[in-house]
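> Sharing a structure with you now.
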Amino acid sequence: MQHETDRSTGAPAAPRPAQAPTGLSPSRAGDFMTCPLLYRLRVIDKLPEPPSSAATRGTVVHAVLERLFDSPAAERTPEQALGLLRPQWERLLGERPELAGLFPDDPDGTALTRWLGDAEKLIDRWFRLEDPTRLHPVERELYVETVLDSGLLLRGYIDRVDVAPTGEVRLVDYKTGRAPSRDFEGKAMFQMKFYALVVWRWKGVLPKRLQLVYLGGGGDVVTYDPDEADLLAVERKLTALWETINRAVATGDFPATRNRLCDWCDHKASCPEFGGTPPPYPLPLQRRPHDDEVPGPDVLPAAGRTDEGPGPELPPAAGRTSEETSKESE
């Protein structure tokens, strides 16, 4: 969740009023499966979170890789990409002035230069993993949304969509961290299966390949070829997850779950696991569920590999708006 500001003053904006969730994005589904209390604090209470240096660097790198494809294929060089880096940072800083707080004591710009240097390494590593002169994405930063038969609204943003001349669709997502171990590959690929389900239900197109491009560490590409059975399993899992979320919303019962991400959580002061207290629950309460009514869906397995492929267009899709960006975080 991005920390919102008042554009006229650069000060933190007033928090939006609490409301019940209206749908799921991969990030919010992952939040609930990791820690229901984290989901509540982000989606319902909408507690602000300070900007993160690593997450902001990832946002800038994503913007560079998106904008690079505005250039003709022959001009998609490392030099061209690195030339986009500082302008994309300055554009983001103009939209979110609070990001200046990432470098509070940096009068000569040394810390910013070092931070941009780390982003340069990620971009350079991407060129060793993929050849943008051979890629012709039909979509970049594509907002996708569909409503399942159950009434569940799914939404999210896909970094890149490639379509081969023979019509096969590949969904690609860039990750600025390290590739996970085999034990966690399935959890990482869950996001891509979520997107594949949305595209399948929205356009009737079953993506041939799902691809995660990891720019951290030594760099890696992880792929998976889904089939209909995979996506039906994801659909059942998300429907069950949404039922569990709705029960939690009705009862206010969002337990805290200790996990390996707790060290990086911004909400320890509101977490009983760390001696904190959640804020008063802001939504009307209904009955509490019986203990045997609250299963917790697991995440899915993954992995595979791929080649590049240009090709024809996907059918037209919705554009990205600020309202949709806000919706995805719910």
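Quick note on naming: the chains in the structure tokens go A, B, ... in the order shown, residues restart at 1 in each chain, and ligands are numbered from 1 in order of appearance.
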Can you pull out the residues contacting stretch 275-281 of chain A? Cut-off 9 Å, using only C-alpha atoms, and skip same-chain residues under 4 positions away; I want them as a PyMOL selection string.
chain A and resi 37+41+44-45+252+267-271+285
> As number ranges by chain, please: every residue in stretch 128-284 of chain A that DSSP puts in helix (DSSP H, G or I).
A: 128-129, 132-134, 182-203, 228-251, 262-264, 268-270, 272-274
> Pick the closest to A:Leu92 from A:Lys121, A:Arg236, A:Lys46, A:Arg57: which is it, counting only C-alpha atoms?
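Of A:Lys121, A:Arg236, A:Lys46, A:Arg57, the one nearest A:Leu92 is A:Arg57, counting only C-alpha atoms.
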> Using only C-alpha atoms, which of A:Val138, A:Ala111, A:Leu261, A:Ile123 sits nearest A:Ala81?
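Using only C-alpha atoms, A:Ala81 sits closest to A:Ile123.
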> Extract, using only C-alpha atoms, all DNA, RNA and protein residues at most 9 Å from stretch 185-201 of chain A, discarding same-chain residues fewer than 2 positions from it, and format them as a PyMOL selection string.
chain A and resi 25-27+30+144-148+154-158+171-173+179-183+203-207+209-212+222-224+226+230-232+234-235+238+299-303
> Can you write out the residues you just picked, keeping N, CA and C atoms, as a short mmCIF file (atom, residue, chain, number, x, y, z; two decimals), in the first residue's frame?

data_model
loop_
_atom_site.label_atom_id
_atom_site.label_comp_id
_atom_site.auth_asym_id
_atom_site.auth_seq_id
_atom_site.Cartn_x
_atom_site.Cartn_y
_atom_site.Cartn_z
N SER A 25 -6.94 -8.54 -4.93
CA SER A 25 -5.78 -8.48 -5.80
C SER A 25 -4.80 -9.54 -5.30
N PRO A 26 -3.80 -9.90 -6.10
CA PRO A 26 -2.83 -10.90 -5.60
C PRO A 26 -2.15 -10.48 -4.31
N SER A 27 -1.81 -9.19 -4.20
CA SER A 27 -1.11 -8.72 -3.00
C SER A 27 -1.97 -8.87 -1.76
N GLY A 30 -2.44 -12.45 -0.79
CA GLY A 30 -1.22 -12.89 -0.12
C GLY A 30 -1.13 -12.37 1.30
N VAL A 144 -6.14 -5.52 -15.19
CA VAL A 144 -7.09 -6.58 -15.53
C VAL A 144 -8.09 -6.73 -14.39
N GLU A 145 -9.31 -7.08 -14.75
CA GLU A 145 -10.38 -7.18 -13.75
C GLU A 145 -11.45 -8.13 -14.29
N THR A 146 -11.97 -8.97 -13.42
CA THR A 146 -13.08 -9.85 -13.81
C THR A 146 -13.88 -10.19 -12.57
N VAL A 147 -15.13 -10.59 -12.78
CA VAL A 147 -15.99 -11.05 -11.69
C VAL A 147 -16.28 -12.53 -11.93
N LEU A 148 -15.95 -13.36 -10.94
CA LEU A 148 -16.20 -14.79 -11.05
C LEU A 148 -17.70 -15.07 -10.90
N LEU A 154 -11.97 -9.94 -9.01
CA LEU A 154 -10.52 -10.09 -9.01
C LEU A 154 -9.92 -8.99 -9.86
N ARG A 155 -8.78 -8.43 -9.43
CA ARG A 155 -8.16 -7.34 -10.17
C ARG A 155 -6.67 -7.31 -9.91
N GLY A 156 -5.94 -6.66 -10.80
CA GLY A 156 -4.51 -6.54 -10.62
C GLY A 156 -3.85 -5.93 -11.84
N TYR A 157 -2.53 -5.79 -11.78
CA TYR A 157 -1.74 -5.23 -12.88
C TYR A 157 -0.70 -6.25 -13.32
N ILE A 158 -0.63 -6.50 -14.61
CA ILE A 158 0.35 -7.41 -15.18
C ILE A 158 1.46 -6.57 -15.80
N LEU A 171 2.38 -14.23 -19.81
CA LEU A 171 2.28 -13.16 -18.81
C LEU A 171 3.60 -13.09 -18.06
N VAL A 172 4.14 -11.87 -17.93
CA VAL A 172 5.47 -11.68 -17.36
C VAL A 172 5.39 -10.69 -16.20
N ASP A 173 6.10 -11.00 -15.12
CA ASP A 173 6.17 -10.09 -13.98
C ASP A 173 7.63 -9.94 -13.57
N ALA A 179 15.35 -14.71 -6.48
CA ALA A 179 14.46 -15.84 -6.74
C ALA A 179 14.30 -16.66 -5.47
N PRO A 180 13.09 -17.15 -5.18
CA PRO A 180 12.89 -17.95 -3.97
C PRO A 180 13.49 -19.34 -4.12
N SER A 181 13.67 -20.00 -3.00
CA SER A 181 14.09 -21.40 -3.04
C SER A 181 12.95 -22.24 -3.60
N ARG A 182 13.25 -23.49 -3.93
CA ARG A 182 12.22 -24.36 -4.49
C ARG A 182 11.03 -24.51 -3.53
N ASP A 183 11.30 -24.44 -2.22
CA ASP A 183 10.22 -24.58 -1.25
C ASP A 183 9.21 -23.45 -1.35
N LYS A 203 -11.14 -12.77 -20.87
CA LYS A 203 -11.01 -12.79 -22.32
C LYS A 203 -11.24 -14.16 -22.94
N GLY A 204 -11.37 -15.19 -22.10
CA GLY A 204 -11.51 -16.52 -22.63
C GLY A 204 -10.22 -17.07 -23.22
N VAL A 205 -9.09 -16.48 -22.82
CA VAL A 205 -7.77 -16.89 -23.32
C VAL A 205 -7.00 -17.55 -22.19
N LEU A 206 -6.56 -18.79 -22.40
CA LEU A 206 -5.74 -19.48 -21.41
C LEU A 206 -4.28 -19.17 -21.69
N PRO A 207 -3.60 -18.40 -20.84
CA PRO A 207 -2.19 -18.11 -21.09
C PRO A 207 -1.37 -19.39 -21.20
N ARG A 209 2.01 -19.47 -20.98
CA ARG A 209 3.18 -19.46 -20.09
C ARG A 209 3.09 -18.30 -19.10
N LEU A 210 3.54 -18.57 -17.87
CA LEU A 210 3.66 -17.56 -16.82
C LEU A 210 5.13 -17.43 -16.49
N GLN A 211 5.61 -16.19 -16.39
CA GLN A 211 7.05 -15.99 -16.24
C GLN A 211 7.35 -14.94 -15.18
N LEU A 212 8.20 -15.31 -14.23
CA LEU A 212 8.71 -14.38 -13.22
C LEU A 212 10.18 -14.11 -13.53
N VAL A 222 11.88 -17.79 -13.78
CA VAL A 222 11.09 -18.94 -13.37
C VAL A 222 9.81 -18.93 -14.17
N THR A 223 9.47 -20.06 -14.81
CA THR A 223 8.27 -20.11 -15.63
C THR A 223 7.40 -21.30 -15.26
N TYR A 224 6.15 -21.21 -15.68
CA TYR A 224 5.19 -22.28 -15.43
C TYR A 224 4.16 -22.26 -16.54
N PRO A 226 0.48 -23.21 -17.26
CA PRO A 226 -0.75 -23.65 -16.58
C PRO A 226 -1.69 -24.39 -17.54
N ASP A 230 -5.35 -26.32 -13.41
CA ASP A 230 -4.63 -25.42 -12.51
C ASP A 230 -5.49 -24.21 -12.15
N LEU A 231 -6.05 -23.59 -13.18
CA LEU A 231 -6.78 -22.34 -12.96
C LEU A 231 -8.10 -22.58 -12.25
N LEU A 232 -8.74 -23.72 -12.50
CA LEU A 232 -9.95 -24.05 -11.75
C LEU A 232 -9.62 -24.25 -10.27
N VAL A 234 -7.18 -22.71 -8.69
CA VAL A 234 -6.96 -21.36 -8.17
C VAL A 234 -8.30 -20.68 -7.90
N GLU A 235 -9.25 -20.85 -8.81
CA GLU A 235 -10.56 -20.24 -8.65
C GLU A 235 -11.24 -20.76 -7.38
N LEU A 238 -9.45 -19.22 -4.33
CA LEU A 238 -9.77 -17.81 -4.11
C LEU A 238 -11.20 -17.64 -3.61
N VAL A 299 -1.45 -22.05 -0.51
CA VAL A 299 -1.06 -21.55 -1.82
C VAL A 299 -0.61 -22.71 -2.69
N LEU A 300 -0.35 -22.40 -3.96
CA LEU A 300 -0.16 -23.45 -4.95
C LEU A 300 1.29 -23.73 -5.29
N PRO A 301 1.58 -24.91 -5.85
CA PRO A 301 2.93 -25.20 -6.36
C PRO A 301 3.22 -24.56 -7.71
N ALA A 302 4.48 -24.69 -8.25
CA ALA A 302 4.87 -24.01 -9.50
C ALA A 302 6.03 -24.60 -10.29
N ALA A 303 6.54 -23.87 -11.33
CA ALA A 303 7.85 -23.75 -12.02
C ALA A 303 8.03 -24.35 -13.41
#
> Have a look at A:Ile245, A:Leu122, A:Asn259, A:Leu99 and name the one nearest to A:Tyr214; count only C-alpha atoms.
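Nearest candidate to A:Tyr214 out of A:Ile245, A:Leu122, A:Asn259, A:Leu99: A:Leu122.
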> When distances are computed from only C-alpha atoms, which of A:Val213, A:Asp131, A:Leu112, A:Asp118 shows the smallest separation from A:Glu75?
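Of all the options, A:Asp131 lies closest to A:Glu75.
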> From stretch 105-143 of chain A, collect each residue whose DSSP state is strand (DSSP E) and return the set as a ChimeraX atom specification.
/A:139-143
> Report, in Å with one decimal, the straight-line distance from atom CA of A:Thr56 to atom CA of A:Ala20.
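About the pair atom CA of A:Thr56 and atom CA of A:Ala20: they are 27.8 Å apart.
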> At what distance in Å, to one decimal, does atom CA of A:Asp159 lie from atom CA of A:Leu38?
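Going from atom CA of A:Leu38 over to atom CA of A:Asp159 covers 25.0 Å.
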> Can you work out the spacing between atom CA of A:Thr34 and atom CA of A:Asn246 in Å, to one decimal?
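Interatomic distance, atom CA of A:Thr34 to atom CA of A:Asn246: 16.5 Å.
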